[in-house]
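For reference, protein19.txt is printed below; it contains compact mmCIF, C-alpha atoms.
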# COMPACT_ATOMS: atom_id res chain seq x y z
CA MET E 5 120.24 132.47 95.70
CA THR E 6 120.96 134.02 99.11
CA LEU E 7 122.21 131.44 101.57
CA LEU E 8 120.33 131.43 104.84
CA THR E 9 122.28 131.76 108.05
CA ARG E 10 121.76 129.89 111.30
CA ASP E 11 119.86 132.88 112.73
CA ASP E 12 117.72 133.18 109.58
CA VAL E 13 116.61 129.57 109.90
CA LEU E 14 115.78 129.86 113.59
CA GLN E 15 113.82 133.07 113.04
CA ARG E 16 111.75 131.54 110.23
CA VAL E 17 110.91 128.48 112.31
CA GLN E 18 109.87 130.66 115.24
CA GLN E 19 107.65 132.72 112.91
CA ASN E 20 106.16 129.61 111.28
CA ILE E 21 107.63 130.57 107.91
CA THR E 22 108.20 127.59 105.64
CA LEU E 23 111.67 126.52 104.59
CA LYS E 24 110.33 124.21 101.92
CA LYS E 25 112.99 123.50 99.29
CA ALA E 26 115.36 125.95 100.96
CA GLU E 27 119.09 125.72 100.24
CA LEU E 28 120.59 124.84 103.63
CA SER E 29 123.63 122.81 102.65
CA VAL E 30 126.55 122.99 105.09
CA VAL E 31 124.53 125.27 107.42
CA ASP E 32 125.41 124.90 111.12
CA LEU E 33 122.13 124.36 113.00
CA HIS E 34 123.54 122.40 115.90
CA GLY E 35 121.70 122.66 119.21
CA LEU E 36 118.82 124.78 117.89
CA ASN E 37 115.14 124.22 118.63
CA LEU E 38 113.58 123.67 115.20
CA ALA E 39 110.54 121.79 116.48
CA GLY E 40 107.54 122.04 114.18
CA GLY E 41 109.51 123.61 111.34
CA THR E 42 108.81 122.89 107.67
CA PHE E 43 111.88 121.68 105.78
CA SER E 44 110.16 119.49 103.18
CA GLY E 45 112.30 119.12 100.09
CA ALA E 46 115.05 121.28 101.59
CA TYR E 47 118.63 120.81 100.41
CA MET E 48 120.65 120.13 103.57
CA ARG E 49 123.73 118.27 102.37
CA SER E 50 126.43 118.19 105.06
CA ALA E 51 124.28 120.29 107.40
CA ASN E 52 125.11 120.21 111.11
CA LEU E 53 122.10 119.13 113.17
CA ASN E 54 124.04 117.70 116.09
CA GLY E 55 121.93 117.97 119.23
CA THR E 56 119.19 119.82 117.36
CA CYS E 57 115.53 119.46 118.34
CA CYS E 58 113.54 118.64 115.20
CA ASP E 59 110.49 117.17 116.94
CA ARG E 60 107.29 117.14 114.88
CA ALA E 61 109.06 118.98 112.05
CA ASN E 62 108.54 118.13 108.39
CA PHE E 63 111.64 116.90 106.57
CA SER E 64 109.77 114.86 103.96
CA ARG E 65 111.80 114.52 100.74
CA ALA E 66 114.60 116.63 102.23
CA ILE E 67 118.14 115.91 101.02
CA LEU E 68 120.43 115.35 104.00
CA HIS E 69 123.32 113.40 102.47
CA TRP E 70 126.47 113.46 104.63
CA SER E 71 124.67 115.51 107.29
CA GLN E 72 125.55 115.31 110.99
CA ALA E 73 122.59 114.74 113.33
CA LYS E 74 124.24 113.07 116.30
CA ALA E 75 122.03 113.07 119.42
CA ALA E 76 119.40 115.06 117.51
CA SER E 77 115.71 114.63 118.35
CA PHE E 78 113.26 113.68 115.59
CA ILE E 79 110.36 112.56 117.80
CA GLY E 80 107.18 112.40 115.73
CA THR E 81 108.98 113.98 112.78
CA SER E 82 108.00 113.42 109.15
CA LEU E 83 111.01 111.99 107.32
CA MET E 84 109.07 110.38 104.49
CA ARG E 85 111.31 109.83 101.48
CA ALA E 86 114.03 111.95 103.07
CA GLU E 87 117.56 111.08 101.93
CA PHE E 88 120.31 110.52 104.51
CA LYS E 89 123.04 108.83 102.46
CA ARG E 90 126.12 108.41 104.70
CA ALA E 91 124.59 110.73 107.30
CA ASP E 92 125.47 110.32 110.98
CA LEU E 93 122.43 110.06 113.26
CA SER E 94 124.17 108.17 116.05
CA GLY E 95 122.41 108.57 119.37
CA ALA E 96 119.44 110.36 117.79
CA ASP E 97 115.84 109.86 118.95
CA LEU E 98 113.50 108.88 116.11
CA SER E 99 110.66 107.58 118.26
CA GLU E 100 107.35 107.65 116.37
CA ALA E 101 109.02 109.35 113.40
CA ASP E 102 107.58 108.54 109.97
CA ALA E 103 110.52 107.65 107.73
CA ASP E 104 108.52 105.67 105.18
CA GLU E 105 110.66 105.06 102.08
CA ALA E 106 113.53 107.08 103.55
CA LYS E 107 116.98 106.50 102.06
CA LEU E 108 119.55 105.76 104.76
CA PHE E 109 122.15 103.97 102.64
CA GLU E 110 125.44 103.62 104.56
CA ALA E 111 124.05 105.85 107.33
CA THR E 112 125.33 105.66 110.90
CA LEU E 113 122.43 104.93 113.25
CA THR E 114 124.32 103.47 116.18
CA GLY E 115 122.57 103.84 119.49
CA ILE E 116 119.43 105.46 118.12
CA THR E 117 116.20 105.28 120.10
CA ALA E 118 113.32 104.65 117.72
CA HIS E 119 110.29 103.27 119.53
CA ARG E 120 107.40 102.74 117.10
CA VAL E 121 109.35 104.33 114.25
CA ILE E 122 108.00 103.86 110.72
CA LEU E 123 110.69 102.71 108.31
CA GLU E 124 108.54 100.79 105.87
CA ARG E 125 110.22 100.29 102.48
CA ALA E 126 113.21 102.32 103.73
CA ASP E 127 116.68 101.76 102.28
CA LEU E 128 119.09 100.89 105.11
CA ARG E 129 121.61 98.93 103.08
CA GLN E 130 125.11 98.82 104.58
CA SER E 131 123.99 101.04 107.45
CA ASN E 132 125.32 100.70 111.00
CA ILE E 133 122.41 100.22 113.41
CA ASP E 134 124.33 98.67 116.29
CA VAL E 135 122.96 98.97 119.84
CA ALA E 136 119.79 100.65 118.55
CA ILE E 137 116.24 100.41 119.91
CA LEU E 138 113.54 99.79 117.29
CA VAL E 139 110.95 98.26 119.61
CA GLN E 140 107.53 97.98 117.93
CA GLY E 141 108.96 99.57 114.82
CA ARG E 142 107.09 99.30 111.53
CA LEU E 143 109.85 98.06 109.23
CA SER E 144 108.00 95.95 106.67
CA GLY E 145 109.50 96.00 103.21
CA ALA E 146 112.67 97.74 104.41
CA ASP E 147 116.07 96.77 103.00
CA PHE E 148 118.65 95.98 105.70
CA SER E 149 121.00 94.12 103.36
CA ASP E 150 124.61 94.09 104.63
CA ALA E 151 123.61 96.21 107.64
CA SER E 152 125.19 95.81 111.07
CA CYS E 153 122.53 95.37 113.76
CA VAL E 154 124.66 94.02 116.60
CA ARG E 155 122.82 94.16 119.95
CA THR E 156 119.90 95.98 118.34
CA ASP E 157 116.43 95.54 119.88
CA PHE E 158 113.70 94.72 117.34
CA SER E 159 111.23 93.39 119.94
CA GLU E 160 107.64 93.27 118.65
CA ALA E 161 108.67 94.94 115.40
CA GLU E 162 106.79 94.43 112.14
CA LEU E 163 109.51 93.22 109.79
CA ARG E 164 107.49 91.46 107.10
CA LEU E 165 108.71 91.15 103.51
CA ALA E 166 112.00 92.79 104.46
CA MET E 167 115.42 92.22 102.91
CA VAL E 168 117.96 91.45 105.64
CA GLU E 169 120.47 89.42 103.64
CA ARG E 170 124.06 89.24 104.91
CA ALA E 171 123.15 91.43 107.89
CA ASP E 172 124.89 90.94 111.24
CA LEU E 173 122.29 90.45 113.98
CA THR E 174 124.69 89.10 116.60
CA ASP E 175 123.24 89.51 120.11
CA ALA E 176 120.16 91.24 118.66
CA ILE E 177 116.70 90.87 120.20
CA LEU E 178 113.72 90.01 117.98
CA THR E 179 111.31 88.60 120.53
CA ARG E 180 107.70 88.51 119.31
CA ALA E 181 108.70 90.20 116.04
CA ASN E 182 106.79 89.50 112.83
CA LEU E 183 109.28 88.28 110.22
CA GLU E 184 106.84 86.72 107.75
CA ARG E 185 108.31 86.12 104.28
CA SER E 186 111.41 88.20 104.95
CA GLN E 187 114.81 87.32 103.45
CA PHE E 188 117.63 86.68 105.96
CA ASN E 189 119.93 84.66 103.69
CA ASP E 190 123.59 84.54 104.80
CA ALA E 191 122.82 86.60 107.92
CA GLN E 192 124.49 86.15 111.31
CA PHE E 193 122.17 85.28 114.22
CA ILE E 194 124.84 84.45 116.80
CA ARG E 195 123.35 84.58 120.32
CA THR E 196 120.28 86.29 118.84
CA ASN E 197 116.97 86.07 120.71
CA LEU E 198 114.24 84.98 118.27
CA SER E 199 111.79 83.66 120.85
CA GLU E 200 108.09 83.77 119.96
CA VAL E 201 108.69 85.18 116.48
CA ASP E 202 106.37 84.68 113.53
CA ALA E 203 108.66 83.82 110.63
CA VAL E 204 106.25 81.84 108.44
CA GLY E 205 107.61 81.59 104.92
CA ALA E 206 110.82 83.45 105.77
CA SER E 207 114.15 82.52 104.18
CA PHE E 208 117.21 81.80 106.33
CA LEU E 209 119.44 80.14 103.74
CA ASN E 210 122.98 79.52 105.04
CA VAL E 211 122.31 81.38 108.31
CA ASN E 212 124.49 80.95 111.42
CA PHE E 213 122.29 80.34 114.49
CA THR E 214 125.11 79.56 116.94
CA ASP E 215 123.87 79.93 120.55
CA ALA E 216 120.67 81.61 119.31
CA ILE E 217 117.31 81.31 121.08
CA VAL E 218 114.52 80.27 118.70
CA THR E 219 111.96 78.96 121.19
CA ASN E 220 108.15 78.86 120.94
CA SER E 221 108.34 80.40 117.47
CA ASP E 222 106.61 79.67 114.16
CA LEU E 223 108.96 79.03 111.24
CA SER E 224 106.50 76.96 109.22
CA ASN E 225 107.20 76.78 105.49
CA ALA E 226 110.49 78.60 106.04
CA ASP E 227 113.71 78.00 104.10
CA LEU E 228 116.56 76.93 106.40
CA ARG E 229 118.71 75.14 103.86
CA GLN E 230 122.38 74.94 104.85
CA ALA E 231 121.64 76.71 108.15
CA HIS E 232 123.97 75.95 111.06
CA PHE E 233 122.44 75.28 114.48
CA LEU E 234 125.14 75.00 117.15
CA ARG E 235 123.85 74.93 120.74
CA THR E 236 120.71 76.64 119.42
CA GLN E 237 117.65 76.57 121.65
CA LEU E 238 114.66 75.41 119.59
CA THR E 239 112.20 74.05 122.16
CA GLY E 240 108.54 74.50 121.30
CA THR E 241 109.11 75.85 117.79
CA SER E 242 107.13 74.79 114.72
CA PHE E 243 109.06 73.95 111.56
CA PHE E 244 106.05 72.47 109.76
CA SER E 245 106.90 71.87 106.08
CA THR E 246 110.17 73.76 106.49
CA HIS E 247 113.23 73.03 104.31
CA PHE E 248 116.46 72.00 106.07
CA GLU E 249 118.45 70.46 103.21
CA ARG E 250 122.15 70.18 104.17
CA ALA E 251 121.57 71.99 107.47
CA VAL E 252 123.81 71.14 110.44
CA PHE E 253 122.41 70.48 113.93
CA GLU E 254 125.12 70.23 116.58
CA GLN E 255 124.61 69.94 120.33
CA VAL E 256 120.93 70.82 119.85
CA SER E 257 117.77 69.68 121.61
CA LEU E 258 114.75 69.20 119.34
CA SER E 259 112.52 68.52 122.33
CA ASN E 260 108.89 69.45 121.61
CA VAL E 261 109.87 70.75 118.17
CA ASP E 262 107.46 70.20 115.27
CA LEU E 263 109.19 68.85 112.14
CA THR E 264 105.99 67.48 110.60
CA ASP E 265 106.36 67.27 106.80
CA ALA E 266 109.72 69.05 106.97
CA ILE E 267 112.40 68.35 104.35
CA VAL E 268 115.59 67.40 106.20
CA GLU E 269 117.45 65.77 103.32
CA GLU E 270 121.24 65.45 103.67
CA ALA E 271 121.24 67.28 107.02
CA THR E 272 123.89 66.46 109.62
CA PHE E 273 123.03 65.65 113.25
CA ILE E 274 125.75 65.71 115.91
CA ASP E 275 124.79 65.13 119.55
CA VAL E 276 121.09 65.91 118.97
CA ASP E 277 118.16 65.10 121.28
CA PHE E 278 114.91 64.17 119.48
CA SER E 279 112.81 63.74 122.65
CA ASN E 280 109.12 64.44 121.94
CA CYS E 281 109.99 65.79 118.49
CA ARG E 282 107.13 65.46 115.97
CA VAL E 283 108.50 64.09 112.71
CA ARG E 284 105.57 62.45 110.91
CA GLY E 285 105.95 62.87 107.17
CA ALA E 286 109.37 64.50 107.48
CA GLU E 287 111.85 63.54 104.74
CA PHE E 288 115.17 62.29 106.20
CA SER E 289 116.85 60.80 103.14
CA GLY E 290 120.64 61.12 103.07
CA VAL E 291 120.98 62.51 106.59
CA LYS E 292 124.20 61.90 108.51
CA GLY E 293 125.11 61.39 112.15
CA LEU E 294 122.06 59.54 113.46
CA THR E 295 122.60 56.72 115.92
CA SER E 296 120.90 53.41 115.19
CA GLU E 297 118.53 54.07 118.09
CA GLN E 298 117.59 57.48 116.68
CA SER E 299 117.00 56.01 113.23
CA GLN E 300 114.65 53.39 114.63
CA TRP E 301 112.81 55.93 116.77
CA LEU E 302 112.36 58.33 113.84
CA LYS E 303 110.96 55.57 111.64
CA HIS E 304 108.57 54.54 114.40
CA GLN E 305 107.37 58.15 114.67
CA GLY E 306 106.54 58.33 110.96
CA ALA E 307 109.62 59.99 109.48
CA LEU E 308 110.32 59.01 105.86
CA ASN E 309 113.39 57.46 104.23
CA VAL E 310 115.44 57.45 107.42
CA PRO E 311 118.85 55.82 106.83
CA ASN E 312 119.62 52.70 108.86
How does the structure come out when it is put into structure tokens?
Amino acid sequence: MTLLTRDDVLQRVQQNITLKKAELSVVDLHGLNLAGGTFSGAYMRSANLNGTCCDRANFSRAILHWSQAKAASFIGTSLMRAEFKRADLSGADLSEADADEAKLFEATLTGITAHRVILERADLRQSNIDVAILVQGRLSGADFSDASCVRTDFSEAELRLAMVERADLTDAILTRANLERSQFNDAQFIRTNLSEVDAVGASFLNVNFTDAIVTNSDLSNADLRQAHFLRTQLTGTSFFSTHFERAVFEQVSLSNVDLTDAIVEEATFIDVDFSNCRVRGAEFSGVKGLTSEQSQWLKHQGALNVPN
């Protein structure tokens, strides 16, 4: 098979000639304008796409393992089922790209701009997505396990049924995101903004919420067992029927928080304010750290099995 050169590729794109399933491994295409080109199923391992314009091109099912696409533009590009294992897309623009079921295992995505990107059911395990913008992204069913998402903006993103276990979301923004039934077990939410999120039925087992903002949100029927809330802002949030077994609340205000029917067994409370907290039907057996005044107040408000 004749290997195509940089000039061959550019000429074919300009003439609207398809490069479907073309062998383009290790080809240097940096800085070219490949907008609208057809690269579906192409073999592009270790290709150089740094600074390349790939807007509205078709890379569906293309193989781009170990490729370099730093500061490349993929605006409106089809990346469905494309494979980017250990590729470097740092600083790239993937706004409105369709990367449904794309494989980005261990990829570098630091600083990407990806407004309204589609990454549903994508594999982003162990990827680095620090300081990225995924505002209004469609990320449902994606796997972010062990990913680093420090200071990443997920505002208004659809992140339902996603796997985000052991991910680092320190200083991330998830305001008004939909997190329904996603798995965040063992994740880091230090200083994370989770205000106004919908996280009904989500799992946050053993999560660190130190200095996080979780205000005016809905975490009904969620799993927060062994979670650690240190100086966490929780005002106005609903934890209706949520599980908090062995969770730790330290220097936290539960003012205007809804704990109705929650399971708070064996939780620890240190310097906690229960003002206007709704606790009717909540199970408090085995909890530690309550003052005698708090115990009496909780019983009076309808909490169950509150220790004396």
Practice task
Would you mind telling me which residue in E:Ala166, E:Val13, E:Leu234, E:Leu183 lies nearest to Gly41 of chain E when using only C-alpha atoms?
Solution key: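 Ranked by minimum distance to Gly41 of chain E, first place goes to E:Val13.
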Quick one: residues within 7 Å of Thr241 of chain E, only C-alpha atoms, excluding same-chain residues fewer than 3 positions away - as a PDB file with C-alpha atoms, in the frame of the given file?
ATOM      1  CA  THR E 219     111.960  78.960 121.190  1.00  0.00           C
ATOM      2  CA  ASN E 220     108.150  78.860 120.940  1.00  0.00           C
ATOM      3  CA  SER E 221     108.340  80.400 117.470  1.00  0.00           C
ATOM      4  CA  ASP E 222     106.610  79.670 114.160  1.00  0.00           C
ATOM      5  CA  LEU E 238     114.660  75.410 119.590  1.00  0.00           C
ATOM      6  CA  VAL E 261     109.870  70.750 118.170  1.00  0.00           C
ATOM      7  CA  ASP E 262     107.460  70.200 115.270  1.00  0.00           C
TER       8      ASP E 262
END
Problem - Between atom CA of Leu163 of chain E and atom CA of Gln230 of chain E, distance in Å (one decimal) - result: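 Atom CA of Leu163 of chain E sits 22.9 Å away from atom CA of Gln230 of chain E.
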Problem - Counting only C-alpha atoms, the residue of E:Ala111, E:Leu8, E:Ala176, E:Ile122 that sits nearest Ala136 of chain E - result: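 So, comparing all the options, the nearest one is E:Ala176.
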Practice task
Please provide as a ChimeraX atom specification all residues within 10 Å of Ser299 of chain E, with the sequence filter that same-chain residues fewer than 6 positions apart are discarded (counting all atoms listed in the file).
Solution key: /E:288,293,305,307,309-312
Handout entry: Of the listed residues E:Ala46, E:Leu209, E:Ala203, E:Cys281, that which approaches Asn260 of chain E most closely, counting only C-alpha atoms
Key =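 For Asn260 of chain E, the nearest of the given residues is E:Cys281.
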Handout entry: Option closest in space to Gln255 of chain E, from E:Gln300, E:Thr214, E:Asn197, E:Ser279 [counting all atoms listed in the file]
Key =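 Counting all atoms listed in the file, the residue closest to Gln255 of chain E is E:Thr214.
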Adding 6 Å on each side of the box along x, y and z that holds all listed atoms of segment 41-57 of chain E, could you give its centre and edge lengths in Å to one decimal, as lines of an AutoDock Vina configuration file?
center_x = 117.6
center_y = 120.7
center_z = 109.7
size_x = 29.6
size_y = 17.9
size_z = 31.1
Exercise for the section: Find the residues near Leu263 of chain E: any atom within 12 Å, counting only C-alpha atoms, skip ones fewer than 2 places away on the same chain, and give them as number ranges by chain. Expected result: E: 222-226, 238-248, 258-261, 265-268, 278, 280-288, 302, 305-308
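Atom CA of Ala216 of chain E is found 5.0 Å from atom CA of Thr236 of chain E.
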Exercise for the section: Give the answer as one residue: which of E:Arg60, E:Lys74, E:Arg120, E:Lys24 has the shortest atom-to-atom distance to Asp157 of chain E, using all atoms listed in the file? Expected result: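 Looking only at the distances to Asp157 of chain E, the closest residue turns out to be E:Arg120.
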Exercise for the section: Could you please determine the separation between atom CA of Trp70 of chain E and atom CA of Arg170 of chain E in Å, to one decimal place? Expected result: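 One can read the atom CA of Trp70 of chain E to atom CA of Arg170 of chain E distance as 24.3 Å.
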Problem - Nearest to Arg142 of chain E, chosen from E:Leu23, E:Ala181, E:Leu173, E:Leu113, with all atoms listed in the file counted in the distances - result: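 Residue with the minimum atom-to-atom distance to Arg142 of chain E: E:Ala181.
Those DNA, RNA and protein residues that approach the point (118.0, 98.2, 106.7) to within 6 Å, considering all atoms listed in the file, are Asp127, Leu128, Arg129, Ala146, Asp147 and Phe148 of chain E.
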Would you export the selected residues with C-alpha atoms as a compact mmCIF listing (two decimals), in the coordinates of the input, please?
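In the end it all went to out_34.txt:
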# COMPACT_ATOMS: atom_id res chain seq x y z
CA ASP E 127 116.68 101.76 102.28
CA LEU E 128 119.09 100.89 105.11
CA ARG E 129 121.61 98.93 103.08
CA ALA E 146 112.67 97.74 104.41
CA ASP E 147 116.07 96.77 103.00
CA PHE E 148 118.65 95.98 105.70
Determine, for each residue of segment 175-277 of chain E having at least one atom at most 10 Å from an atom of segment 150-153 of chain E, the closest pair of atoms and their separation in Å to one decimal, counting all atoms listed in the file; order by chain and ascending number, as JSON lines.
{"residue": "E:Asp175", "atom": "CA", "partner": "E:Cys153", "partner_atom": "CA", "distance": 8.7}
{"residue": "E:Ala176", "atom": "CA", "partner": "E:Cys153", "partner_atom": "CA", "distance": 6.8}
{"residue": "E:Ile177", "atom": "CA", "partner": "E:Cys153", "partner_atom": "CA", "distance": 9.8}
{"residue": "E:Asp190", "atom": "CA", "partner": "E:Asp150", "partner_atom": "CA", "distance": 9.6}
{"residue": "E:Ala191", "atom": "CA", "partner": "E:Asp150", "partner_atom": "CA", "distance": 8.4}
{"residue": "E:Gln192", "atom": "CA", "partner": "E:Ser152", "partner_atom": "CA", "distance": 9.7}
Please, could you write that set of residues out with C-alpha atoms as a short mmCIF file (atom, residue, chain, number, x, y, z; two decimals), in the frame of the given file?
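Produced file selection-v3.cif, reproduced below:
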data_model
loop_
_atom_site.label_atom_id
_atom_site.label_comp_id
_atom_site.auth_asym_id
_atom_site.auth_seq_id
_atom_site.Cartn_x
_atom_site.Cartn_y
_atom_site.Cartn_z
CA ASP E 175 123.24 89.51 120.11
CA ALA E 176 120.16 91.24 118.66
CA ILE E 177 116.70 90.87 120.20
CA ASP E 190 123.59 84.54 104.80
CA ALA E 191 122.82 86.60 107.92
CA GLN E 192 124.49 86.15 111.31
#
Handout entry: Ala76 of chain E environment, 6 Å, all atoms listed in the file, sequence neighbours closer than 6 positions dropped, as number ranges by chain
Key = E: 54-57, 96
Practice task
Please return, as a PyMOL selection string, all polymer residues that have at least one atom within 8 Å of the point (120.7, 120.3, 103.1); use all atoms listed in the file and the file's own coordinate frame.
Solution key: chain E and resi 27-31+46-51+66-69+71
Fewer than 5 positions away in the same chain doesn't count, so skip those; otherwise give me all residues within 9 Å of Glu100 of chain E, counting all atoms listed in the file, as a tab-separated table (two decimals) with C-alpha atoms, in the coordinates of the input.
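Once written, out_27.tsv looks like this:
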chain	number	residue	atom	x	y	z
E	78	PHE	CA	113.26	113.68	115.59
E	79	ILE	CA	110.36	112.56	117.80
E	80	GLY	CA	107.18	112.40	115.73
E	81	THR	CA	108.98	113.98	112.78
E	118	ALA	CA	113.32	104.65	117.72
E	119	HIS	CA	110.29	103.27	119.53
E	120	ARG	CA	107.40	102.74	117.10
E	121	VAL	CA	109.35	104.33	114.25
E	122	ILE	CA	108.00	103.86	110.72
E	141	GLY	CA	108.96	99.57	114.82
